[in-house]
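Report on the following structure.
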Amino acid sequence: MKEVDTDFGPGCIGVISGDDMARFHHLVISLDSLRVPRGSAYCHATSCNPARNTNNLVKMMLAMPEMQWLWIMGDDHCFDDDVLLKLLARDKDCIMPLCARRMFPFDPVVMKEFAPEVGIHDWFTWDEVEKFDEPFPVAAGGTAGLLVKRHVFEKMRSPWFEVGKW
């Protein structure tokens with residue numbers, strides 16, 4: 001990571017993985033070039049349970065009072081060096097970058113409607129996404145690159161993430 005002077009406060013860059021090492025070497029390359037606000041910290045959580053990993057990242061961030069946000073990233077992603085700064089510039093409580101599925105058909109990982117209790121899982125298509133020039137609201141999405149401000153977690157009860165819960 002490359003610390004830079006910005007108007008944004010420091011936060012935690014949190015990586016979750018199922019093993020001690022990232023599954024994809026592109027993550028390491030991306031993290032090495034990632035520009036982060038000065039004073040930011042790297043946090044890593046490892047287990048076979050992604051919800052436990054993410055909860056552990058939240059706990060790590062909350063244990064450091066100077067950290068103002070958590071950026072969650074899985075170990076199977078790569079990204080541009082300015083993605084975090086672009087997300088921070090939007091000044092949203094929660095925001096995520098647009099990600100494609102890793103395997104065919106490479107659809108966007110965002111839902112326009114999501115009501116699992118009645119079986120609604122309506123995914124955006126690329127044609128629909130291309131109509132937006134700016135960030136747009138989604139009903140649900142993955143956590144890859146999810147940026148969450150500290151106060152969001154402080155208002156919620158632990159556990160923040162649970163396997164099998166929406």
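All residue names refer to the structure tokens as shown: chains lettered A, B, ... in order, residues numbered from 1 in each chain, ligands numbered from 1 in order.
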key: Test item: residues at most 12 Å from segment 53-69 of chain A, only C-alpha atoms, excluding those fewer than 4 positions along its chain, as JSON, numbers by chain   = {"A": [8, 9, 10, 11, 12, 13, 14, 15, 16, 17, 18, 19, 36, 37, 38, 39, 40, 41, 42, 43, 44, 45, 46, 47, 48, 49, 73, 74, 75, 84, 87, 88, 91, 92, 93, 94, 95, 143, 144, 146, 147, 148, 149, 150, 151, 152, 153, 154, 155, 156, 157, 158, 159, 160, 161, 162, 163]}
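Backbone DSSP over segment 44-88 of chain A gives strand (DSSP E) for His44, Ala45, Thr46, Trp69, Leu70, Trp71, Ile72, Met73 and Gly74 of chain A.
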task = Extract the full set of helix (DSSP H, G or I) residues from segment 32-132 of chain A according to DSSP on the backbone, and format it as a list of chain:residue names.
result =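 The helix (DSSP H, G or I) subset of segment 32-132 of chain A is A:Asp32, A:Ser33, A:Pro50, A:Ala51, A:Arg52, A:Asn53, A:Thr54, A:Asn55, A:Asn56, A:Leu57, A:Val58, A:Lys59, A:Met60, A:Met61, A:Leu62, A:Val83, A:Leu84, A:Leu85, A:Lys86, A:Leu87, A:Leu88, A:Ala89, A:Pro116, A:Glu117, A:Val118, A:Trp126, A:Asp127, A:Glu128, A:Val129.
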inquiry  = Give me, as a count of residues only, all polymer residues having an atom no more than 8 Å from segment 101-111 of chain A, counting only C-alpha atoms and skipping those fewer than 5 positions away in the same chain.
reply    = 11
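Here atom CA of Asp81 of chain A stands at a distance of 7.9 Å from atom CA of Leu31 of chain A.
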request  = Select, from A:Ala100, A:Val129, A:Ala115, A:Leu85, the residue with the minimum atom-to-atom distance to Asp5 of chain A, counting only C-alpha atoms.
outcome  =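 That would be A:Leu85, the residue with the smallest distance to Asp5 of chain A.
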ask   = atom CA of Leu98 of chain A to atom CA of His26 of chain A: how many Å, to one decimal?
value = 17.6 Å
